[in-house]
Structures are given as structure tokens and as C-alpha cells.
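**Student:** Structure provided below as C-alpha cells; questions to follow.
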Amino acid sequence: MKLQPKPKLESGRCIQPDLRRLTLWKRFKKQGYFQAFVLTGMFFLLIFNYTPMLGIIMAFKNYTIADGIAGIFTSDWIGLKHFSEFINDYRFGEIVRNTLVLSFLKIIFTFPAPIIFAIMLNEVRYSVLKRFFQTASYLPHFISWVVVLGLASTFFSVNNGLVNEALVSLNIIKEPLPLLFDPDYFWGMAVGTAIWKEMGWWTIIFLAAIAGISPTLYEAAEIDGAGRLARIWYVTLPSMMGTIVVVLILTIGSMLGGGLVGSNFEQAFLFGNNVNNATSEIVQTYAFKVGLAQGRFAYAAAIDLIQAVISVILIFSSNYIAKKLSGRGLF
Amino acid sequence: MARRMTTEDWIVSSVNYALLAVITLITLYPFYYLIIVSFNSGQDTLLGGIYFWPRDFTLENYQAFFSDSKWVKAFGISVLRTVVGGAAGVFFTCLVAYGLSYKDLLFKKLYFVLVIIAMYFSGGLIPYYVLLRELHLINTFWVYVIPSLLNIFFLLIAVSFFREIPKELHESAKIDGANDLSIFFRIIIPVSMPLIATMGLFIGVGQWNSWLDSAYFVQSENLRTLTYRMMEIINQSNISQEAAAFGRGSSSVTSFSIQVTAMVIAVAPIMCVYPFLQKYFVKGMMLGSVKE
């Protein structure tokens with residue numbers, strides 16, 4: 001980091017150290033208000049972001065909550081005991097599987113949805129209708145996951161749930177399905193509600209990409225005899241590729257947390273229950289329950305750290321690929 | 001451009017419109033259904049068969065909601081945290097952003113590195129909880145406000161927004177004798193109203209929808225938020241699977257109808273600002289988006 005502009009070579013004059021410090025202090029004082037605002041912000045980050053980051057060392061320590069925050073640093077080191085305990089936990093395999101399956105299913109199904117929806121919207125000729133469809137589509141983005149849970153428990157309930165009622169009356173199924181409780185349905189519910197809630201929102205970014213496509217491309221394609229579907233396939237989609245690749249890479253970087261569509265934690269926590277636990281328990285919810293409900297803070301921090309390390313690797317590698325491919329990364 | 005519709009055009013258009021109509025119906029109908037059920041008598045709802053309008057219209061659910069101190073308190077806490085948390089968050093984030101937007105700021109690079117690291121990495125929930133406990137924020141109202149004072153995403157957006165403000169505004173105020181602090185209040189804030197509206201909306205909606213902090217950082221029954229109470233009642237009715245009569249025996253209100261009413265009340269503020277401000281929502285999305 002450069003604090004002072006380098007002394008000019010041709011001047012040949014050496015600046016006295018005291019004088020330099022003085023000018024630095026003078027410059028600092030001159031921007032006193034700005035520095036004061038920024039330093040308040042940095043103080044905030046130090047407390048609320050950097051202190052917890054340091055606190056992660058409790059994962060390697062024999063720490064209990066009674067020791068307070070200072071105890072994190074003074075308690076005894078126990079190495080990887082918490083980690084080996086988690087790996088030998090009888091639920092370890094199941095929890096890791098659930099985390100990975102949920103993350104992959106969400107990428108596979110929720111990532112293409114906004115792309116397809118954006119193309120569909122682009123094919124609407126009447127701008128009023130198009131705006132109506134679009135405005136309606138991202139309304140669910142702004143409601144709480146708790147409300148989504150409430151809606152799901154209303155519509156998918158075994159008693160009087162409209163979805164079960166409709167499926168039974170159409171003779172598709174004989175008995176109402178326990179969609180909210182059976183472990184077999186949890187992943188489907190998680191993916192479905194994520195699409196319902198976030199598809200419209202991510203459409204915005206793809207529609208912007210479509211808006212940037214030059215109309216002359218469509219005209220040329222039309223003269224060459226391309227129909228509607230051919231124009232979508234040969235003009236719209238290839239022109240969106242840049243945006244698609246960048247968003248995909250960012251999604252992969254954050255996939256363990258749930259990608260761009262709704263956090264895995266919130267979904268697994270709210271839609272998970274004792275009955276569907278075999279598929280709904282993921283690393284984060286498990287760490288959360290072990291930590292806050294059972295009070296085993298250091299053990300929970302260790303579990304959290306495993307996922308955090310994998311996520312950091314994913315962020316860096318996907319960022320690296322994004323930079324290679326598009327010359328533009330997150331950082 | 002007038003053009004002849006080909007057969008392919010017809011087919012593509014009609015399939016497209018049909019699918020879009022279905023998607024929009026699936027998106028909007030659940031909200032509509034909540035509203036009609038919240039205006040329908042609770043006992044009557046249990047018989048099923050309500051699809052298009054209330055069968056037995058009543059305001060009893062809303063009366064029950066607003067006469068139950070548990071719900072009213074939760075509603076009040078949610079409103080309060082949205083207003084206080086939203087306003088404080090916008091103000092503090094703008095203030096720090098104003099400092100960071102200064103062109104010749106000393107240590108600027110260091111500050112930005114600190115911000116970016118804090119944006120992508122976190123210590124996780126457990127050390128965070130230990131910190132909040134140490135700061136005595138657990139089980140107070142301020143746990144909703146103070147930890148979320150600085151929104152890093154909007155901090156970066158505000159910095160680039162403030163940088164776009166013409167320097168001449170700043171300079172002429174300086175000549176008139178204003179210092180950097182009064183420039184912030186008298187010039188920067190007034191000209192940044194579109195940004196502040198966007199931030200206020202997103203941060204406010206985030207506050208209104210938040211449930212995790214109420215569930216785990218607060219034990220006092222007086223500090224529970226609306227979303228927490230909703231989660232509680234949904235889980236209860238999911239477990240018991242039977243709609244117990246709610247409150248006084250003669251009432252037609254059921255725990256299901258009160259749950260639906262609470263959901264309507266949780267969604268209503270968002271629905272109300274939505275049509276007016278959705279252009280800001282979209283702008284906010286595009287502000288932070290990846291640009292080609």
C-alpha cells in the first residue's frame with residue numbers, strides 16, 4: 001500500500017522523515033470528517049465481522065460458552081478433536097449427502113428457470129402485458145421464507161390442502177401425499193419453493209442481457225429465413241451466453257449456501273422437521289442445533305468451519321475461472 | 001413493423017402466453033387465496049371448498065388478531081425494528097460511504113480491502129452468537145438494529161453513487177462556508193434521494209422479513225417479531241394437524257384462520273409499497289449486477 005506519492009526522481013531532494021509524517025498528519029486532518037466516518041465504519045467491521053472471524057479458532061479449543069469471548073483465546077488447544085468427532089458422528093454421511101444433493105439439485109433446476117422465463121417474457125410483444133407478467137413474477141422475492149412456509153403448509157397440507165385436493169379429485173393420486181413430512185419430498189419441496197420465490201427476481205438480470213442484443217441481428221436472421229424458435233436458438237441464447245456464464249460461476253461459488261436462490265439454511269431450517277429429518281438436515285442446520293440448542297459451541301464452530309473452508313475454495317476457484325473466461329470476477 | 005404472422009408465430013405465441021398465464025397464476029393465486037381465507041369465517045374454512053371468494057364473510061379473524069396482545073406486540077416490534085433498523089441502517093451506511101467516496105482519502109486501499117474481506121467471509125453463526133452475548137445484545141431490542149447497521153452491499157453501491165455527484169456542488173458549498181459534515185446533510189443526502197429510497201426499501205424489507213434473530217438471539221416474549229410468531233403457529237398447526245378453536249369458545253376463529261390472517265398482515269406492507277416502488281426494486285437489482 002502506498003501512503004505517499006513517491007518522491008520525484010528528478011528533484012533529487014530527500015524528504016525528512018519528520019516532515020513526511022507532518023504532511024501525512026496534515027493531510028489526514030484536512031480530511032478529518034471523512035476519516036472519522038470511515039473509521040467508525042471500520043470499527044464496526046472490526047467488532048461485528050472480524051472478531052467472529054478470529055473467534056473461529058474456538059473450533060480447535062476446549063471452549064465452553066461460560067468462558068465468554070476472552071475464553072476463546074485463553075482456553076486449551078485440543079487440535080482436531082472436534083473435527084474427528086464430527087467425521088465419526090453416525091449422522092456424518094447423511095448430513096454431508098443432504099448438503100451436497102440439495103446444493104446440486106438447486107443449481108440444476110433453479111439456474112435455468114430464470115433464463116427460460118426471461119426468453120419467454122422477451123417473446124411477449126405487448127409491453128403492458130410483459131410488464132405485468134414480470135412485475136408479478138418477482139413479488140415472492142420480497143416475502144419472508146416464513147410466509148413461504150405458511151403458504152406451503154396451507155397448499156400442500158394433507159387436510160384440505162388445495163394441491164392434494166386437486167390431485168385426488170383429478171384421480172392422479174388416491175391418497176393425499178404427506179408432501180411436507182415425508183423425507184422423499186423434501187428436496188422437491190426445497191427446489192420448487194426456491195424456484196417459485198426467486199425465479200422472477202433473477203429474470204431481471206437476464207432480461208437486461210436480452211435488452212442489450214442489437215435488433216439488427218434479429219432482422220438479419222429473419223431475412224435468412226429464421227423462424228421464431230430459430231431466432232431464439234441462434235440469436236437470443238448465444239447473445240446471453242456471457243451473462244449466463246458469469247451468473248453460473250457465481251452461483252457455483254455460493255452453492256453450498258444455496259446459490260443465488262434462497263439460502264439452504266433457511267429452507268432446511270423452516271421446512272425441516274422431525275419426520276423428514278433424514279433428508280432435510282444439512283451441515284449448517286446441524287451445526288446450528290448442536291451449537292445453540294445443545295450448547296456445544298466449539299463443536300458446532302468446527303462443523304461450520306468445514307463448510308466455510310469448502311465454500312472459500314469454491315469462491316476462489318469459481319472467481320478464478322470467471323476471470324479467465326470473461327475477464328471479470330468478483331474481486 | 002407490420003409483419004405477417006406465420007403458423008410458427010401463432011403456435012409459439014399461444015404456447016408462450018398460456019405458459020406465462022399459468023406461471024403468473026401460480027405466483028399470484030396463493031396471495032389471493034390467503035386474502036379470501038382471512039376474510040372467511042375460520043370454522044367455515046375448515047369445511048374446504050373456498051377457491052374464489054369468501055363464502056362466509058367476516059372480519060372476526062382481524063378482530064381476533066388485533067385483540068390478542070401477543071400478536072399486537074409482535075406486530076409492533078416488527079414495525080419498530082423495520083422503521084428504526086431501516087432508518088439507522090440507511091443513515092450509517094450512507095455516512096461511511098460518504099467518507100469512502102472522498103477522492104484523496106488516505107489509506108483508501110486498506111479500507112476497501114477490509115470492506116471486501118468482510119463482504120465475502122464471515123466467522124459463522126457460532127462465534128457471532130458468542131460476540132452478541134458478550135456485548136449484552138442478546139435478549140434486547142437492539143440486537144435487531146445494531147449488528148445490521150452497516151450493509152456492505154449497499155455501502156459499495158452508495159460509494160459509487162456519491163462519486164458520481166458533480167464536484168461543483170461540493171465546491172460551491174465549501175465557498176459558502178459549509179464544512180464536510182454539513183455538506184453531507186444539506187447536499188449529499190438531498191441529491192441522493194433515489195439511492196436512499198432504494199436502500200431504505202431493501203433494508204426495511206429485510207428487517208420486516210427477518211426471523212432467525214428473533215428465534216435465537218431473543219428469549220423475551222415481549223421482543224418476538226411477527227415472522228417469529230408466524231413460524232411458531234405454523235409449526236404448531238403442522239404438528240397437531242388439527243385446528244384447535246382459538247381463544248374464546250364462541251368465536252369462529254381457528255388457529256389456521258389466525259395464521260392466514262397473520263400472513264396477510266405480514267405480506268400487506270410489501271404489497272402496498274410494491275406497485276409504486278417496483279422500479280426502484282429493479283434499479284436496486286441492476287445496481288449490484290454483473291455488467292457485461
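To be explicit about the labels: the chains of the C-alpha cells are called A, B, and onward in the order shown, and within each one the residues are counted from 1, while ligands get numbers from 1 in the order they are shown.
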Leaving out A:Gly93 and any residue of its chain fewer than 5 positions from it, which residues lie within 12 Å of it when counting only C-alpha atoms, given as a list in words?

**Tutor:**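 With the cut-off at 12 Å, the set is Phe86, Ile87, Asn88, Asn98, Thr99, Leu100, Val101, Ala278, Thr279, Glu281, Ile282 and Val283 of chain A.
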
**Student:** Excluding stretch 111-115 of chain B and its own-chain neighbours fewer than 4 positions away, which residues fall within 10 Å of it when counting only C-alpha atoms? Please give them as a list in words.

**Tutor:**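 Using only C-alpha atoms, the neighbours found are Val38, Leu39, Gly41, Met42, Leu45, Leu46, Asn49, Tyr50 and Phe331 of chain A; Leu100, Leu105, Leu106, Phe107, Met119, Tyr120, Ile152, Phe153, Leu155 and Leu156 of chain B.
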
**Student:** I'd like to know which residues of stretch 31-276 of chain B are alpha helix (DSSP H) (by DSSP, run on the backbone); could you write them as an NGL selection string?

**Tutor:** :B and (31-38 or 42-45 or 60-67 or 69-100 or 108-120 or 125-134 or 152-164 or 167-175 or 180-183 or 189-191 or 193-209 or 212-216 or 226-240 or 255-276)

**Student:** Between B:Ser172, B:Ser122, B:Thr140, B:Thr58, which one has atoms that come closest to chain A, using only C-alpha atoms?

**Tutor:**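 Closest to chain A, using only C-alpha atoms: B:Ser122.
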
**Student:** Skip stretch 20-32 of chain B itself and residues of its chain fewer than 4 positions away, then list as a ChimeraX atom specification all residues within 10 Å of it, counting only C-alpha atoms.

**Tutor:** /A:117,120-121,124,130,132-140,148,151-152,154-155,196-197,200 /B:14-16,36-38,51-53,263-264,267-268,271

**Student:** Restrict the selected residues to N, CA and C atoms and save them as an mmCIF file, in the first residue's frame.

**Tutor:**
data_model
loop_
_atom_site.group_PDB
_atom_site.id
_atom_site.type_symbol
_atom_site.label_atom_id
_atom_site.label_comp_id
_atom_site.auth_asym_id
_atom_site.auth_seq_id
_atom_site.Cartn_x
_atom_site.Cartn_y
_atom_site.Cartn_z
ATOM 1 N N PHE A 117 -37.485 -18.255 -18.439
ATOM 2 C CA PHE A 117 -38.550 -17.294 -18.201
ATOM 3 C C PHE A 117 -38.239 -15.948 -18.874
ATOM 4 N N MET A 120 -39.007 -16.295 -22.470
ATOM 5 C CA MET A 120 -40.461 -16.289 -22.678
ATOM 6 C C MET A 120 -41.016 -14.880 -22.606
ATOM 7 N N LEU A 121 -40.554 -14.124 -21.621
ATOM 8 C CA LEU A 121 -41.037 -12.739 -21.491
ATOM 9 C C LEU A 121 -40.638 -11.911 -22.696
ATOM 10 N N VAL A 124 -42.980 -11.788 -25.589
ATOM 11 C CA VAL A 124 -44.275 -11.100 -25.469
ATOM 12 C C VAL A 124 -44.173 -9.754 -26.179
ATOM 13 N N LYS A 130 -46.221 -7.653 -20.876
ATOM 14 C CA LYS A 130 -44.892 -8.100 -20.487
ATOM 15 C C LYS A 130 -44.548 -7.563 -19.109
ATOM 16 N N PHE A 132 -46.638 -6.651 -16.833
ATOM 17 C CA PHE A 132 -47.490 -7.289 -15.833
ATOM 18 C C PHE A 132 -46.930 -8.645 -15.427
ATOM 19 N N PHE A 133 -46.596 -9.465 -16.425
ATOM 20 C CA PHE A 133 -46.041 -10.793 -16.118
ATOM 21 C C PHE A 133 -44.777 -10.667 -15.285
ATOM 22 N N GLN A 134 -43.935 -9.712 -15.666
ATOM 23 C CA GLN A 134 -42.655 -9.593 -14.972
ATOM 24 C C GLN A 134 -42.850 -9.090 -13.550
ATOM 25 N N THR A 135 -43.673 -8.054 -13.400
ATOM 26 C CA THR A 135 -43.903 -7.496 -12.069
ATOM 27 C C THR A 135 -44.468 -8.547 -11.135
ATOM 28 N N ALA A 136 -45.410 -9.345 -11.642
ATOM 29 C CA ALA A 136 -45.986 -10.401 -10.808
ATOM 30 C C ALA A 136 -44.915 -11.409 -10.413
ATOM 31 N N SER A 137 -43.988 -11.685 -11.336
ATOM 32 C CA SER A 137 -43.066 -12.793 -11.106
ATOM 33 C C SER A 137 -42.098 -12.540 -9.961
ATOM 34 N N TYR A 138 -41.709 -11.294 -9.727
ATOM 35 C CA TYR A 138 -40.747 -11.136 -8.639
ATOM 36 C C TYR A 138 -41.335 -10.663 -7.325
ATOM 37 N N LEU A 139 -42.653 -10.646 -7.239
ATOM 38 C CA LEU A 139 -43.276 -10.349 -5.945
ATOM 39 C C LEU A 139 -42.822 -11.310 -4.837
ATOM 40 N N PRO A 140 -42.789 -12.630 -5.100
ATOM 41 C CA PRO A 140 -42.420 -13.542 -3.997
ATOM 42 C C PRO A 140 -41.015 -13.317 -3.457
ATOM 43 N N VAL A 148 -43.482 -18.138 3.049
ATOM 44 C CA VAL A 148 -43.453 -19.223 2.065
ATOM 45 C C VAL A 148 -43.768 -20.555 2.753
ATOM 46 N N LEU A 151 -47.432 -20.619 3.342
ATOM 47 C CA LEU A 151 -48.157 -20.914 2.104
ATOM 48 C C LEU A 151 -48.051 -22.397 1.775
ATOM 49 N N ALA A 152 -46.850 -22.932 1.913
ATOM 50 C CA ALA A 152 -46.665 -24.348 1.599
ATOM 51 C C ALA A 152 -47.511 -25.204 2.527
ATOM 52 N N THR A 154 -50.198 -24.414 3.877
ATOM 53 C CA THR A 154 -51.608 -24.258 3.513
ATOM 54 C C THR A 154 -51.943 -25.075 2.267
ATOM 55 N N PHE A 155 -51.090 -24.994 1.261
ATOM 56 C CA PHE A 155 -51.434 -25.593 -0.033
ATOM 57 C C PHE A 155 -51.094 -27.070 -0.122
ATOM 58 N N TRP A 196 -40.143 -20.937 -7.136
ATOM 59 C CA TRP A 196 -41.326 -20.087 -7.000
ATOM 60 C C TRP A 196 -40.935 -18.716 -6.455
ATOM 61 N N LYS A 197 -40.042 -18.707 -5.463
ATOM 62 C CA LYS A 197 -39.729 -17.455 -4.795
ATOM 63 C C LYS A 197 -38.759 -16.593 -5.594
ATOM 64 N N GLY A 200 -38.402 -15.089 -10.688
ATOM 65 C CA GLY A 200 -38.693 -13.784 -11.271
ATOM 66 C C GLY A 200 -37.601 -12.768 -11.009
ATOM 67 N N SER B 14 -48.998 -18.628 -28.771
ATOM 68 C CA SER B 14 -50.073 -19.117 -27.897
ATOM 69 C C SER B 14 -49.544 -20.015 -26.793
ATOM 70 N N VAL B 15 -48.560 -20.856 -27.118
ATOM 71 C CA VAL B 15 -47.987 -21.679 -26.058
ATOM 72 C C VAL B 15 -47.328 -20.788 -25.011
ATOM 73 N N ASN B 16 -46.613 -19.785 -25.492
ATOM 74 C CA ASN B 16 -45.922 -18.874 -24.591
ATOM 75 C C ASN B 16 -46.900 -18.156 -23.663
ATOM 76 N N ILE B 36 -58.657 -14.151 0.692
ATOM 77 C CA ILE B 36 -60.057 -14.574 0.827
ATOM 78 C C ILE B 36 -60.253 -15.423 2.078
ATOM 79 N N VAL B 37 -59.283 -16.262 2.409
ATOM 80 C CA VAL B 37 -59.448 -17.084 3.612
ATOM 81 C C VAL B 37 -59.416 -16.216 4.869
ATOM 82 N N SER B 38 -58.588 -15.158 4.836
ATOM 83 C CA SER B 38 -58.515 -14.311 6.029
ATOM 84 C C SER B 38 -59.827 -13.566 6.257
ATOM 85 N N TYR B 51 -62.401 -21.234 -3.050
ATOM 86 C CA TYR B 51 -61.403 -21.043 -4.099
ATOM 87 C C TYR B 51 -61.375 -19.618 -4.640
ATOM 88 N N PHE B 52 -62.530 -19.000 -4.762
ATOM 89 C CA PHE B 52 -62.556 -17.739 -5.495
ATOM 90 C C PHE B 52 -62.923 -16.542 -4.640
ATOM 91 N N TRP B 53 -63.824 -16.715 -3.682
ATOM 92 C CA TRP B 53 -64.197 -15.590 -2.816
ATOM 93 C C TRP B 53 -64.630 -16.121 -1.450
ATOM 94 N N MET B 263 -50.364 -13.984 8.116
ATOM 95 C CA MET B 263 -49.592 -13.984 6.875
ATOM 96 C C MET B 263 -50.007 -12.836 5.974
ATOM 97 N N VAL B 264 -51.309 -12.578 5.917
ATOM 98 C CA VAL B 264 -51.768 -11.436 5.108
ATOM 99 C C VAL B 264 -51.171 -10.151 5.659
ATOM 100 N N VAL B 267 -47.607 -9.788 4.691
ATOM 101 C CA VAL B 267 -47.338 -9.528 3.279
ATOM 102 C C VAL B 267 -47.880 -8.160 2.872
ATOM 103 N N ALA B 268 -48.935 -7.686 3.570
ATOM 104 C CA ALA B 268 -49.629 -6.458 3.160
ATOM 105 C C ALA B 268 -48.708 -5.246 2.972
ATOM 106 N N MET B 271 -46.920 -5.605 -0.273
ATOM 107 C CA MET B 271 -47.857 -5.430 -1.391
ATOM 108 C C MET B 271 -48.187 -3.953 -1.598
#

**Student:** Near B:Ser78, within 6 Å and counting only C-alpha atoms, which residues show up once chain neighbours fewer than 2 positions away are dropped, as a list of chain:residue names?

**Tutor:**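 In the requested format, the answer is B:Phe75, B:Gly76, B:Leu80, B:Arg81, B:Trp208, B:Thr225, B:Leu226.
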
**Student:** Return the single residue from A:Ile143, A:Ala166, A:Leu250, A:Leu129 that is closest to chain B, with distances computed using only C-alpha atoms.

**Tutor:**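 Among the listed residues, A:Ile143 lies closest to chain B.
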
**Student:** Which is closest to A:Ile303 among B:Ile126, B:Phe39, B:Glu134, B:Phe256, if we use only C-alpha atoms?

**Tutor:**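 Answer, going by the shortest atom-to-atom distance: B:Ile126.
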
**Student:** Write out as a ChimeraX atom specification the residues lying within 10 Å of A:Ser157, counting only C-alpha atoms and excluding same-chain residues fewer than 6 positions away.

**Tutor:** /A:151,163-165,176-181 /B:238,241

**Student:** Could you save the residues just selected, with N, CA and C atoms, as a tab-separated table (two decimals), in the first residue's frame?

**Tutor:**
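Output saved as result-v7.tsv:
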chain	number	residue	atom	x	y	z
A	151	LEU	N	-47.43	-20.62	3.34
A	151	LEU	CA	-48.16	-20.91	2.10
A	151	LEU	C	-48.05	-22.40	1.78
A	163	VAL	N	-53.54	-28.46	-3.15
A	163	VAL	CA	-52.81	-29.28	-4.12
A	163	VAL	C	-53.22	-30.74	-4.01
A	164	ASN	N	-53.24	-31.26	-2.77
A	164	ASN	CA	-53.68	-32.64	-2.58
A	164	ASN	C	-55.12	-32.83	-3.02
A	165	GLU	N	-55.95	-31.85	-2.68
A	165	GLU	CA	-57.37	-31.92	-3.05
A	165	GLU	C	-57.51	-32.03	-4.58
A	176	PRO	N	-54.07	-38.44	-0.21
A	176	PRO	CA	-53.28	-37.20	-0.16
A	176	PRO	C	-51.83	-37.53	0.20
A	177	LEU	N	-50.89	-36.83	-0.42
A	177	LEU	CA	-49.48	-37.08	-0.17
A	177	LEU	C	-48.99	-36.23	1.00
A	178	PRO	N	-48.20	-36.81	1.90
A	178	PRO	CA	-47.65	-36.02	3.01
A	178	PRO	C	-46.45	-35.21	2.53
A	179	LEU	N	-46.69	-34.24	1.65
A	179	LEU	CA	-45.60	-33.53	0.98
A	179	LEU	C	-44.67	-32.82	1.95
A	180	LEU	N	-45.23	-32.36	3.07
A	180	LEU	CA	-44.40	-31.57	3.99
A	180	LEU	C	-43.65	-32.43	4.98
A	181	PHE	N	-44.03	-33.70	5.07
A	181	PHE	CA	-43.43	-34.51	6.13
A	181	PHE	C	-42.59	-35.68	5.64
B	238	ASN	N	-48.84	-27.56	12.14
B	238	ASN	CA	-48.31	-28.68	11.37
B	238	ASN	C	-48.22	-29.93	12.22
B	241	GLN	N	-51.88	-30.95	13.42
B	241	GLN	CA	-52.70	-31.29	12.25
B	241	GLN	C	-54.19	-31.15	12.51

**Student:** Which residues come within 12 Å of B:Ile196, counting only C-alpha atoms, excluding same-chain residues fewer than 2 positions away, as a ChimeraX atom specification?

**Tutor:** /B:86-95,154-155,157-158,161-162,188-194,198-204,280,284

**Student:** I'd like the interatomic distance between atom CA of A:Leu270 and atom CA of A:Trp187, to a tenth of an Å.

**Tutor:** 13.0 Å

**Student:** Out of A:Gly225, A:Gly257, A:Pro52, A:Gly295, which residue has the shortest atom-to-atom distance to chain B when counting only C-alpha atoms?

**Tutor:**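 Smallest separation from chain B among the options: A:Pro52.
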
**Student:** Mind the document's chain letters and residue numbers, and return as a list in words the residues of stretch 40-264 of chain B that DSSP labels strand (DSSP E or B).

**Tutor:** Asn40, Phe57, Ala245 and Thr254 of chain B

**Student:** For chain B, which residue out of A:Phe269, A:Tyr320, A:Tyr90, A:Phe111 is the nearest one, using only C-alpha atoms?

**Tutor:** A:Phe269

**Student:** Go through A:Leu162, A:Glu123, A:Phe109, A:Trp201 and flag the residue nearest A:Thr236, using only C-alpha atoms for the distances.

**Tutor:** A:Glu123
